[in-house]
Amino acid sequence: MCGIIGVIGERNATSLLVEGLKRLEYRGYDSAGIAVLQDSHLQLARVKGKLIRLEEYLADSPCSGPIGIGHTRWATHGPPTQENAHPHTSARVAVVHNGIIENYQHLRQQLQEEGVHFQSATDTEVVPHLIERALKQGLSAADAVRAAVRQLEGAFALGILIRGEECLFAVRRGSPLLVGVGDGENFIASDASPLVPYTRKMIFLQDNDVVLLSRETVIITDLQGTVQNRPIKYSQVSAAFTDKWPYRHYMQKEIFEQPTVLGETLKGLIDAVQRTVCLEDTLAHINPSAVQAINIVACGTSWHAGLVARYWLEQLAHIPVNVDIASEYRYREPPTLPGVLVIVISQSGETADTLAALRYAQQQGQPVLAVVNVPESTIAREADGVLYTQAGPEIGVASTKAFTTQLLALACLTVAFAKERRQIDSKQEAQWVEELLHIPALMEQVLLQDDAILAIARRWMHAPGFLFLGRGTTFPVALEGALKLKEITYIHAEGYAAGEMKHGPIALIDEHLPVVVLAPRGILFDKVISNLQEAKARGGRLLLLTTVGTDPVAEAEVILNIPPSGLFATPIVYVAPLQLLAYHIAVLKGTDVDQPRNLAKSVTVE
């Protein structure tokens, strides 16, 4: 979950590292640090807290040199302190690390018995000492790195400096890492975002790749020292996505980008002229007609997208669907059955539990289709088919545009499956595509209610908790609304299927509890309104999101009118007001919207 960066060139590495870490801080912000090498002198700067504190430290104690590594941390082993901040060092070695060294305790004990004194509580610190030991045994720098890595168990990405070596080392196993190939300078980073201001030429490393970078060369070997050839690819990431102007926060910017990115996602998935869904490349190795059941596997917000897709796929394509939390999926050892397709969903394409689920399914002989936002990601590379969203980089930790573009991509997949399985004909396909084409405009209309939602946020910002209720495809949206509120405001919130309210949650309702009810016009409308009346009778403060023109029979305290929407559009447009509600309450309460406590954007550890 941490972010790492490294650079070797002619320019001062410090400024490049700090700017790169700004683009990686969404991966973790418990502490930050850099190590810079200048004429065999290793300079170290580490601080507890966010990157701004590292900048303040460097302003008072500058360091410079042409080679350096940097790190922004999401704490796993050891609390967020200066002692536990990266880089970690031995006499000659500095290391930054993303991931977990699973056997670090055994290695630590072994090194302590040899007289090594540890300064931190992290798993990372064993790495520089293992390399140091190999150097003392007379191995070359590259051989010492490989010898140390062969002793490590777990998933990790490493950036390594060695005093006296005019080069930068990097290692990848399990955790994301790529190389940026520049002109007289080369880079490493956890993802492409900090590199695109300097180069678009990227090398995507594979497991157990060990890299030696000089200013002019990139040499990649395996753990035995055999040279490996990895192709250079051109990243499509735009540096402009990391600029939040004119918005106050990235989350706000990303909420209001949704009409645009939904439109971009549609461009890659449908033929607007022919009114058809175009997923030939995605389904090249997957036969929808042969699929007898689907397992959707994801985490967090992506899991909510999978829950929505279950309704669509079962109703329109008539395929039974199971939705699993990725961290639970392979441990329950689901039986291997013929005709089962596994769909994994991950914004980053690097989510550790989801990647493990993908590999588990493939080991069972099941085809895997991935829904991802990052074409260069590990999940995208390993899946049998890939459905790309076009959300662009999402910097805010609380997912917004990634969720709605995932839903749109899954809606297109549903139409494709229904057509291939002869559940709909060409005329019906065109009707569904017509609905999909209107979703960006519907989203624009909903976002125009921003001022009204801000007023609601002011009304309820001090509430002790919230209850979100929905039915059908708005039930997962209720879960997502509760998650957004919890993530960035730290207010406890629950999302429930409205019909389940009487089975427990109704005990929470009193005159202090806001109840957010999602009630679009449809076959479930009257049932949801009955649930709303039950909440009203217990004194609950009601916010009703419903189709414009609905008679306010429920006597809700506040009503937000949503444009009429169909099967696919409803969950996509109904989530936007919930995103804005969470955003405005967080701003009013003064919490850190883009970097909420204890969270990180890309969860690359199990």
# chains A, B, ... in the order shown; residues from 1 in each chain; ligands from 1
call {"tool": "residues_around", "arguments": {"residues": "stretch 536-545 of chain A", "least_positions_apart": "4", "cutoff": "6 Å", "atoms": "only C-alpha atoms", "output": "VMD selection string"}}
result
chain A and resid 509 to 511 513 to 519 556 to 560
call {"tool": "write_last_selection", "arguments": {"atoms": "all heavy atoms", "output": "compact mmCIF listing (two decimals), in the first residue's frame"}}
result
# COMPACT_ATOMS: atom_id res chain seq x y z
N ILE A 509 -33.35 3.62 15.35
CA ILE A 509 -34.01 4.84 14.90
C ILE A 509 -34.61 5.61 16.07
O ILE A 509 -35.35 5.07 16.89
CB ILE A 509 -35.10 4.50 13.86
CG1 ILE A 509 -34.46 3.86 12.62
CG2 ILE A 509 -35.89 5.75 13.48
CD1 ILE A 509 -35.46 3.40 11.58
N ASP A 510 -34.23 6.89 16.14
CA ASP A 510 -34.86 7.83 17.07
C ASP A 510 -34.82 9.22 16.42
O ASP A 510 -34.47 9.35 15.24
CB ASP A 510 -34.17 7.83 18.43
CG ASP A 510 -32.69 8.19 18.36
OD1 ASP A 510 -32.25 8.80 17.35
OD2 ASP A 510 -31.95 7.86 19.30
N GLU A 511 -35.14 10.25 17.17
CA GLU A 511 -35.25 11.58 16.60
C GLU A 511 -33.90 12.18 16.22
O GLU A 511 -33.85 13.26 15.62
CB GLU A 511 -35.98 12.51 17.57
CG GLU A 511 -35.22 12.81 18.86
CD GLU A 511 -35.43 11.75 19.95
OE1 GLU A 511 -35.97 10.66 19.62
OE2 GLU A 511 -35.05 12.01 21.11
N LEU A 513 -31.48 10.32 14.49
CA LEU A 513 -30.86 9.52 13.43
C LEU A 513 -31.38 9.90 12.05
O LEU A 513 -32.57 9.66 11.75
CB LEU A 513 -31.10 8.03 13.66
CG LEU A 513 -30.41 7.11 12.65
CD1 LEU A 513 -28.91 7.05 12.94
CD2 LEU A 513 -31.01 5.71 12.65
N PRO A 514 -30.54 10.45 11.17
CA PRO A 514 -30.95 10.63 9.78
C PRO A 514 -31.07 9.28 9.08
O PRO A 514 -30.18 8.42 9.20
CB PRO A 514 -29.82 11.46 9.17
CG PRO A 514 -29.11 12.07 10.33
CD PRO A 514 -29.24 11.07 11.44
N VAL A 515 -32.14 9.10 8.35
CA VAL A 515 -32.37 7.88 7.56
C VAL A 515 -32.45 8.31 6.09
O VAL A 515 -33.36 9.06 5.71
CB VAL A 515 -33.65 7.16 7.98
CG1 VAL A 515 -33.83 5.88 7.17
CG2 VAL A 515 -33.63 6.84 9.49
N VAL A 516 -31.50 7.85 5.30
CA VAL A 516 -31.44 8.20 3.89
C VAL A 516 -32.08 7.06 3.11
O VAL A 516 -31.61 5.92 3.16
CB VAL A 516 -29.98 8.42 3.43
CG1 VAL A 516 -29.94 8.81 1.95
CG2 VAL A 516 -29.30 9.48 4.30
N VAL A 517 -33.15 7.37 2.41
CA VAL A 517 -33.96 6.34 1.73
C VAL A 517 -33.88 6.56 0.23
O VAL A 517 -34.19 7.65 -0.27
CB VAL A 517 -35.42 6.38 2.20
CG1 VAL A 517 -36.21 5.27 1.54
CG2 VAL A 517 -35.51 6.26 3.73
N LEU A 518 -33.47 5.51 -0.48
CA LEU A 518 -33.38 5.56 -1.94
C LEU A 518 -34.63 4.88 -2.49
O LEU A 518 -34.81 3.66 -2.33
CB LEU A 518 -32.12 4.84 -2.42
CG LEU A 518 -30.82 5.21 -1.70
CD1 LEU A 518 -29.64 4.42 -2.27
CD2 LEU A 518 -30.56 6.69 -1.79
N ALA A 519 -35.49 5.65 -3.17
CA ALA A 519 -36.78 5.12 -3.60
C ALA A 519 -37.11 5.58 -5.02
O ALA A 519 -38.01 6.41 -5.21
CB ALA A 519 -37.87 5.53 -2.63
N ALA A 556 -41.26 13.17 4.16
CA ALA A 556 -39.85 13.20 4.51
C ALA A 556 -39.43 14.62 4.88
O ALA A 556 -40.00 15.61 4.40
CB ALA A 556 -39.02 12.70 3.34
N GLU A 557 -38.45 14.73 5.74
CA GLU A 557 -37.94 16.04 6.14
C GLU A 557 -37.32 16.76 4.95
O GLU A 557 -37.46 17.97 4.80
CB GLU A 557 -36.90 15.87 7.26
CG GLU A 557 -36.37 17.16 7.82
CD GLU A 557 -35.48 16.94 9.03
OE1 GLU A 557 -35.68 15.94 9.75
OE2 GLU A 557 -34.59 17.78 9.28
N VAL A 558 -36.60 16.01 4.10
CA VAL A 558 -35.99 16.57 2.90
C VAL A 558 -36.20 15.58 1.77
O VAL A 558 -36.07 14.37 1.95
CB VAL A 558 -34.47 16.82 3.09
CG1 VAL A 558 -33.88 17.44 1.83
CG2 VAL A 558 -34.20 17.69 4.30
N ILE A 559 -36.51 16.12 0.58
CA ILE A 559 -36.65 15.28 -0.60
C ILE A 559 -35.71 15.79 -1.68
O ILE A 559 -35.68 16.99 -1.99
CB ILE A 559 -38.10 15.28 -1.13
CG1 ILE A 559 -39.05 14.66 -0.10
CG2 ILE A 559 -38.18 14.50 -2.46
CD1 ILE A 559 -40.50 14.69 -0.52
N LEU A 560 -34.90 14.89 -2.24
CA LEU A 560 -34.07 15.19 -3.41
C LEU A 560 -34.69 14.51 -4.61
O LEU A 560 -34.89 13.29 -4.61
CB LEU A 560 -32.64 14.68 -3.21
CG LEU A 560 -31.64 15.60 -2.51
CD1 LEU A 560 -30.30 14.89 -2.41
CD2 LEU A 560 -31.48 16.91 -3.27
call {"tool": "residues_around", "arguments": {"residues": "A:Gly154", "least_positions_apart": "6", "cutoff": "10 Å", "atoms": "only C-alpha atoms", "output": "number ranges by chain"}}
result
A: 99-104, 173-175, 605
call {"tool": "write_last_selection", "arguments": {"atoms": "C-alpha atoms", "output": "tab-separated table (two decimals), in the first residue's frame"}}
result
chain	number	residue	atom	x	y	z
A	99	GLY	CA	4.53	-5.00	0.79
A	100	ILE	CA	5.14	-7.47	3.60
A	101	ILE	CA	8.16	-9.67	4.40
A	102	GLU	CA	6.34	-12.64	5.87
A	103	ASN	CA	9.40	-14.37	7.36
A	104	TYR	CA	10.96	-11.21	8.77
A	173	ARG	CA	7.66	-9.77	-6.24
A	174	GLY	CA	3.92	-9.51	-5.87
A	175	SER	CA	3.74	-5.76	-5.25
A	605	VAL	CA	-1.10	-6.17	1.13
call {"tool": "closest_residue", "arguments": {"among": "A:Thr550, A:Gln228, A:Thr124, A:Thr265", "to": "A:Thr405", "atoms": "only C-alpha atoms"}}
result
A:Thr265
call {"tool": "residues_around", "arguments": {"residues": "A:Val36", "least_positions_apart": "6", "cutoff": "6 Å", "atoms": "only C-alpha atoms", "output": "compact mmCIF listing (two decimals) with C-alpha atoms, in the first residue's frame"}}
result
# COMPACT_ATOMS: atom_id res chain seq x y z
CA LEU A 42 24.31 8.65 1.86
CA GLN A 43 21.94 11.35 3.11
CA GLY A 65 22.59 14.19 -5.16
CA ILE A 67 20.63 9.21 -7.14
CA GLY A 68 17.83 8.72 -4.64
call {"tool": "residues_around", "arguments": {"residues": "A:Arg381", "least_positions_apart": "3", "cutoff": "12 Å", "atoms": "only C-alpha atoms", "output": "MDAnalysis selection string"}}
result
chainID A and resid 204:206 349:350 355 358:359 368:372 374:378 384:388
call {"tool": "write_last_selection", "arguments": {"atoms": "N, CA, C and O atoms", "output": "PDB file, in the first residue's frame"}}
result
ATOM      1  N   PHE A 204       7.160  -2.697 -17.382  1.00  0.00           N
ATOM      2  CA  PHE A 204       6.359  -3.279 -16.315  1.00  0.00           C
ATOM      3  C   PHE A 204       7.023  -4.570 -15.868  1.00  0.00           C
ATOM      4  O   PHE A 204       7.098  -5.536 -16.622  1.00  0.00           O
ATOM      5  N   LEU A 205       7.527  -4.551 -14.648  1.00  0.00           N
ATOM      6  CA  LEU A 205       8.328  -5.651 -14.141  1.00  0.00           C
ATOM      7  C   LEU A 205       7.466  -6.860 -13.802  1.00  0.00           C
ATOM      8  O   LEU A 205       6.285  -6.733 -13.476  1.00  0.00           O
ATOM      9  N   GLN A 206       8.079  -8.025 -13.857  1.00  0.00           N
ATOM     10  CA  GLN A 206       7.419  -9.256 -13.484  1.00  0.00           C
ATOM     11  C   GLN A 206       7.991  -9.757 -12.167  1.00  0.00           C
ATOM     12  O   GLN A 206       9.012  -9.267 -11.678  1.00  0.00           O
ATOM     13  N   GLY A 349      -6.123  -2.468 -10.222  1.00  0.00           N
ATOM     14  CA  GLY A 349      -5.591  -3.668 -10.854  1.00  0.00           C
ATOM     15  C   GLY A 349      -4.454  -4.292 -10.076  1.00  0.00           C
ATOM     16  O   GLY A 349      -3.784  -5.210 -10.562  1.00  0.00           O
ATOM     17  N   GLU A 350      -4.240  -3.818  -8.837  1.00  0.00           N
ATOM     18  CA  GLU A 350      -3.156  -4.335  -8.003  1.00  0.00           C
ATOM     19  C   GLU A 350      -3.651  -4.810  -6.637  1.00  0.00           C
ATOM     20  O   GLU A 350      -2.840  -5.240  -5.818  1.00  0.00           O
ATOM     21  N   LEU A 355      -6.135  -9.965  -6.616  1.00  0.00           N
ATOM     22  CA  LEU A 355      -5.139 -10.642  -7.446  1.00  0.00           C
ATOM     23  C   LEU A 355      -4.966 -12.087  -7.005  1.00  0.00           C
ATOM     24  O   LEU A 355      -4.873 -13.001  -7.844  1.00  0.00           O
ATOM     25  N   LEU A 358      -7.863 -14.034  -8.325  1.00  0.00           N
ATOM     26  CA  LEU A 358      -7.689 -14.308  -9.758  1.00  0.00           C
ATOM     27  C   LEU A 358      -6.795 -15.527  -9.969  1.00  0.00           C
ATOM     28  O   LEU A 358      -7.131 -16.442 -10.741  1.00  0.00           O
ATOM     29  N   ARG A 359      -5.669 -15.552  -9.275  1.00  0.00           N
ATOM     30  CA  ARG A 359      -4.727 -16.661  -9.445  1.00  0.00           C
ATOM     31  C   ARG A 359      -5.314 -17.976  -8.935  1.00  0.00           C
ATOM     32  O   ARG A 359      -5.084 -19.035  -9.531  1.00  0.00           O
ATOM     33  N   VAL A 368     -10.999 -16.086 -16.143  1.00  0.00           N
ATOM     34  CA  VAL A 368     -11.160 -14.883 -15.333  1.00  0.00           C
ATOM     35  C   VAL A 368     -11.267 -13.660 -16.235  1.00  0.00           C
ATOM     36  O   VAL A 368     -10.419 -13.429 -17.095  1.00  0.00           O
ATOM     37  N   LEU A 369     -12.315 -12.890 -16.013  1.00  0.00           N
ATOM     38  CA  LEU A 369     -12.508 -11.603 -16.672  1.00  0.00           C
ATOM     39  C   LEU A 369     -12.273 -10.510 -15.639  1.00  0.00           C
ATOM     40  O   LEU A 369     -12.803 -10.578 -14.526  1.00  0.00           O
ATOM     41  N   ALA A 370     -11.457  -9.524 -15.969  1.00  0.00           N
ATOM     42  CA  ALA A 370     -11.135  -8.446 -15.032  1.00  0.00           C
ATOM     43  C   ALA A 370     -11.781  -7.146 -15.469  1.00  0.00           C
ATOM     44  O   ALA A 370     -11.814  -6.820 -16.663  1.00  0.00           O
ATOM     45  N   VAL A 371     -12.294  -6.390 -14.499  1.00  0.00           N
ATOM     46  CA  VAL A 371     -12.762  -5.025 -14.714  1.00  0.00           C
ATOM     47  C   VAL A 371     -11.774  -4.125 -13.985  1.00  0.00           C
ATOM     48  O   VAL A 371     -11.712  -4.129 -12.750  1.00  0.00           O
ATOM     49  N   VAL A 372     -10.972  -3.379 -14.729  1.00  0.00           N
ATOM     50  CA  VAL A 372      -9.906  -2.577 -14.124  1.00  0.00           C
ATOM     51  C   VAL A 372      -9.851  -1.199 -14.787  1.00  0.00           C
ATOM     52  O   VAL A 372     -10.330  -1.002 -15.895  1.00  0.00           O
ATOM     53  N   VAL A 374      -6.687   0.447 -14.789  1.00  0.00           N
ATOM     54  CA  VAL A 374      -5.280   0.670 -15.121  1.00  0.00           C
ATOM     55  C   VAL A 374      -4.826  -0.412 -16.095  1.00  0.00           C
ATOM     56  O   VAL A 374      -4.583  -1.553 -15.699  1.00  0.00           O
ATOM     57  N   PRO A 375      -4.672  -0.084 -17.374  1.00  0.00           N
ATOM     58  CA  PRO A 375      -4.328  -1.100 -18.372  1.00  0.00           C
ATOM     59  C   PRO A 375      -3.004  -1.805 -18.104  1.00  0.00           C
ATOM     60  O   PRO A 375      -2.833  -2.964 -18.474  1.00  0.00           O
ATOM     61  N   GLU A 376      -2.055  -1.107 -17.454  1.00  0.00           N
ATOM     62  CA  GLU A 376      -0.741  -1.687 -17.244  1.00  0.00           C
ATOM     63  C   GLU A 376      -0.654  -2.515 -15.969  1.00  0.00           C
ATOM     64  O   GLU A 376       0.416  -3.011 -15.609  1.00  0.00           O
ATOM     65  N   SER A 377      -1.755  -2.705 -15.264  1.00  0.00           N
ATOM     66  CA  SER A 377      -1.730  -3.340 -13.950  1.00  0.00           C
ATOM     67  C   SER A 377      -1.527  -4.848 -14.043  1.00  0.00           C
ATOM     68  O   SER A 377      -1.715  -5.471 -15.094  1.00  0.00           O
ATOM     69  N   THR A 378      -1.181  -5.448 -12.908  1.00  0.00           N
ATOM     70  CA  THR A 378      -0.937  -6.887 -12.855  1.00  0.00           C
ATOM     71  C   THR A 378      -2.198  -7.674 -13.177  1.00  0.00           C
ATOM     72  O   THR A 378      -2.168  -8.651 -13.931  1.00  0.00           O
ATOM     73  N   ASP A 384      -7.818 -13.428 -18.283  1.00  0.00           N
ATOM     74  CA  ASP A 384      -8.088 -13.985 -19.614  1.00  0.00           C
ATOM     75  C   ASP A 384      -8.805 -12.986 -20.511  1.00  0.00           C
ATOM     76  O   ASP A 384      -8.718 -13.063 -21.736  1.00  0.00           O
ATOM     77  N   GLY A 385      -9.509 -12.081 -19.918  1.00  0.00           N
ATOM     78  CA  GLY A 385     -10.169 -10.998 -20.646  1.00  0.00           C
ATOM     79  C   GLY A 385     -10.227  -9.780 -19.752  1.00  0.00           C
ATOM     80  O   GLY A 385     -10.276  -9.905 -18.529  1.00  0.00           O
ATOM     81  N   VAL A 386     -10.214  -8.582 -20.345  1.00  0.00           N
ATOM     82  CA  VAL A 386     -10.186  -7.362 -19.555  1.00  0.00           C
ATOM     83  C   VAL A 386     -11.232  -6.382 -20.070  1.00  0.00           C
ATOM     84  O   VAL A 386     -11.336  -6.134 -21.275  1.00  0.00           O
ATOM     85  N   LEU A 387     -11.986  -5.848 -19.137  1.00  0.00           N
ATOM     86  CA  LEU A 387     -12.973  -4.817 -19.416  1.00  0.00           C
ATOM     87  C   LEU A 387     -12.448  -3.536 -18.780  1.00  0.00           C
ATOM     88  O   LEU A 387     -12.386  -3.416 -17.556  1.00  0.00           O
ATOM     89  N   TYR A 388     -12.027  -2.582 -19.612  1.00  0.00           N
ATOM     90  CA  TYR A 388     -11.380  -1.381 -19.103  1.00  0.00           C
ATOM     91  C   TYR A 388     -12.402  -0.278 -18.839  1.00  0.00           C
ATOM     92  O   TYR A 388     -13.264   0.013 -19.669  1.00  0.00           O
TER      93      TYR A 388
END
call {"tool": "select_by_dssp", "arguments": {"residues": "stretch 136-165 of chain A", "states": "strand (DSSP E or B)", "output": "VMD selection string"}}
result
chain A and resid 154 to 162
call {"tool": "write_last_selection", "arguments": {"atoms": "C-alpha atoms", "output": "mmCIF file, in the first residue's frame"}}
result
data_model
loop_
_atom_site.group_PDB
_atom_site.id
_atom_site.type_symbol
_atom_site.label_atom_id
_atom_site.label_comp_id
_atom_site.auth_asym_id
_atom_site.auth_seq_id
_atom_site.Cartn_x
_atom_site.Cartn_y
_atom_site.Cartn_z
ATOM 1 C CA GLY A 154 6.067 -12.532 0.946
ATOM 2 C CA ALA A 155 5.045 -9.841 -1.510
ATOM 3 C CA PHE A 156 7.231 -6.800 -1.941
ATOM 4 C CA ALA A 157 8.649 -4.099 -4.167
ATOM 5 C CA LEU A 158 12.050 -2.702 -3.210
ATOM 6 C CA GLY A 159 14.141 0.321 -4.117
ATOM 7 C CA ILE A 160 17.773 0.012 -3.005
ATOM 8 C CA LEU A 161 20.803 2.298 -2.783
ATOM 9 C CA ILE A 162 24.283 1.015 -1.921
#
call {"tool": "closest_atom_pairs", "arguments": {"of": "stretch 415-504 of chain A", "to": "stretch 267-272 of chain A", "cutoff": "10 Å", "atoms": "only C-alpha atoms", "output": "JSON lines"}}
result
{"residue": "A:Ala416", "atom": "CA", "partner": "A:Ile270", "partner_atom": "CA", "distance": 10.0}
{"residue": "A:Ala430", "atom": "CA", "partner": "A:Ala272", "partner_atom": "CA", "distance": 9.3}
{"residue": "A:Val433", "atom": "CA", "partner": "A:Ile270", "partner_atom": "CA", "distance": 7.7}
{"residue": "A:Glu434", "atom": "CA", "partner": "A:Ala272", "partner_atom": "CA", "distance": 8.4}
{"residue": "A:Leu436", "atom": "CA", "partner": "A:Ile270", "partner_atom": "CA", "distance": 9.3}
{"residue": "A:Leu437", "atom": "CA", "partner": "A:Ala272", "partner_atom": "CA", "distance": 7.7}
call {"tool": "write_last_selection", "arguments": {"atoms": "all heavy atoms", "output": "short mmCIF file (atom, residue, chain, number, x, y, z; two decimals), in the first residue's frame"}}
result
data_model
loop_
_atom_site.label_atom_id
_atom_site.label_comp_id
_atom_site.auth_asym_id
_atom_site.auth_seq_id
_atom_site.Cartn_x
_atom_site.Cartn_y
_atom_site.Cartn_z
N ALA A 416 -24.06 -7.42 -23.42
CA ALA A 416 -23.35 -8.34 -24.33
C ALA A 416 -23.69 -9.79 -24.00
O ALA A 416 -23.94 -10.60 -24.91
CB ALA A 416 -21.85 -8.10 -24.23
N ALA A 430 -30.44 -2.45 -28.82
CA ALA A 430 -30.40 -1.03 -29.17
C ALA A 430 -31.11 -0.18 -28.12
O ALA A 430 -30.67 0.93 -27.79
CB ALA A 430 -31.02 -0.81 -30.55
N VAL A 433 -28.77 0.05 -25.12
CA VAL A 433 -27.66 0.96 -25.44
C VAL A 433 -28.14 2.41 -25.39
O VAL A 433 -27.41 3.30 -24.93
CB VAL A 433 -27.05 0.61 -26.80
CG1 VAL A 433 -26.07 1.69 -27.25
CG2 VAL A 433 -26.35 -0.74 -26.74
N GLU A 434 -29.35 2.64 -25.83
CA GLU A 434 -29.91 4.00 -25.77
C GLU A 434 -29.94 4.50 -24.33
O GLU A 434 -29.60 5.66 -24.04
CB GLU A 434 -31.32 4.00 -26.37
CG GLU A 434 -31.92 5.38 -26.55
CD GLU A 434 -31.26 6.17 -27.68
OE1 GLU A 434 -30.67 5.54 -28.59
OE2 GLU A 434 -31.33 7.42 -27.63
N LEU A 436 -27.99 3.48 -21.89
CA LEU A 436 -26.60 3.69 -21.48
C LEU A 436 -26.07 5.03 -21.97
O LEU A 436 -25.35 5.74 -21.25
CB LEU A 436 -25.72 2.55 -22.00
CG LEU A 436 -26.00 1.16 -21.42
CD1 LEU A 436 -25.19 0.10 -22.18
CD2 LEU A 436 -25.67 1.11 -19.93
N LEU A 437 -26.42 5.40 -23.19
CA LEU A 437 -25.92 6.64 -23.78
C LEU A 437 -26.43 7.87 -23.04
O LEU A 437 -25.80 8.94 -23.08
CB LEU A 437 -26.32 6.72 -25.26
CG LEU A 437 -25.56 5.80 -26.21
CD1 LEU A 437 -26.21 5.78 -27.58
CD2 LEU A 437 -24.11 6.26 -26.33
#
call {"tool": "residues_around", "arguments": {"residues": "A:Thr336", "least_positions_apart": "3", "cutoff": "12 Å", "atoms": "only C-alpha atoms", "output": "PyMOL selection string"}}
result
chain A and resi 293-295+330+332-333+339-342+360-367
call {"tool": "closest_residue", "arguments": {"among": "A:Val344, A:Leu44, A:Ile131, A:Leu37", "to": "A:Tyr57", "atoms": "only C-alpha atoms"}}
result
A:Leu44
call {"tool": "residues_around", "arguments": {"residues": "A:Ala582", "least_positions_apart": "6", "cutoff": "9 Å", "atoms": "only C-alpha atoms", "output": "list in words"}}
result
Ala457, Gly481, Ala482, Lys484, Leu485, Lys486, Glu487, Ile488 and Thr489 of chain A
call {"tool": "atom_distance", "arguments": {"atom1": "atom CA of A:Cys63", "atom2": "atom CA of A:Leu16"}}
result
12.4 Å
call {"tool": "select_by_dssp", "arguments": {"residues": "stretch 470-543 of chain A", "states": "helix (DSSP H, G or I)", "output": "ChimeraX atom specification"}}
result
/A:474-489,498-503,505-508,525-537
call {"tool": "closest_residue", "arguments": {"among": "A:Asn12, A:Phe475, A:Lys589, A:Ile255", "to": "A:His462", "atoms": "only C-alpha atoms"}}
result
A:Lys589
call {"tool": "residues_around", "arguments": {"residues": "A:Ile34", "least_positions_apart": "4", "cutoff": "12 Å", "atoms": "only C-alpha atoms", "output": "VMD selection string"}}
result
chain A and resid 3 to 7 13 to 21 42 to 47 51 54 to 55 57 to 58 62 to 65 67 to 73 85 to 89 94 to 97 159 to 161
call {"tool": "closest_residue", "arguments": {"among": "A:Arg215, A:Arg27, A:Arg146, A:His285", "to": "A:Ser193", "atoms": "only C-alpha atoms"}}
result
A:Arg27
call {"tool": "decode", "arguments": {"residues": "stretch 297-316 of chain A", "atoms": "C-alpha atoms", "output": "PDB file, in the first residue's frame"}}
result
ATOM      1  CA  VAL A 297     -14.883 -11.197  -6.577  1.00  0.00           C
ATOM      2  CA  ALA A 298     -13.847  -7.756  -5.313  1.00  0.00           C
ATOM      3  CA  CYS A 299     -13.124  -5.587  -2.256  1.00  0.00           C
ATOM      4  CA  GLY A 300     -14.726  -2.492  -0.790  1.00  0.00           C
ATOM      5  CA  THR A 301     -16.417  -0.194  -3.270  1.00  0.00           C
ATOM      6  CA  SER A 302     -15.655  -2.612  -6.117  1.00  0.00           C
ATOM      7  CA  TRP A 303     -17.547  -5.298  -4.192  1.00  0.00           C
ATOM      8  CA  HIS A 304     -20.559  -2.985  -4.125  1.00  0.00           C
ATOM      9  CA  ALA A 305     -20.277  -2.674  -7.910  1.00  0.00           C
ATOM     10  CA  GLY A 306     -20.331  -6.461  -8.103  1.00  0.00           C
ATOM     11  CA  LEU A 307     -23.488  -6.591  -5.986  1.00  0.00           C
ATOM     12  CA  VAL A 308     -25.241  -4.262  -8.423  1.00  0.00           C
ATOM     13  CA  ALA A 309     -24.041  -6.321 -11.391  1.00  0.00           C
ATOM     14  CA  ARG A 310     -25.550  -9.449  -9.855  1.00  0.00           C
ATOM     15  CA  TYR A 311     -29.039  -7.943 -10.221  1.00  0.00           C
ATOM     16  CA  TRP A 312     -28.362  -7.012 -13.846  1.00  0.00           C
ATOM     17  CA  LEU A 313     -26.802 -10.293 -14.942  1.00  0.00           C
ATOM     18  CA  GLU A 314     -29.472 -12.408 -13.313  1.00  0.00           C
ATOM     19  CA  GLN A 315     -32.404 -10.305 -14.537  1.00  0.00           C
ATOM     20  CA  LEU A 316     -31.271  -9.618 -18.088  1.00  0.00           C
TER      21      LEU A 316
END
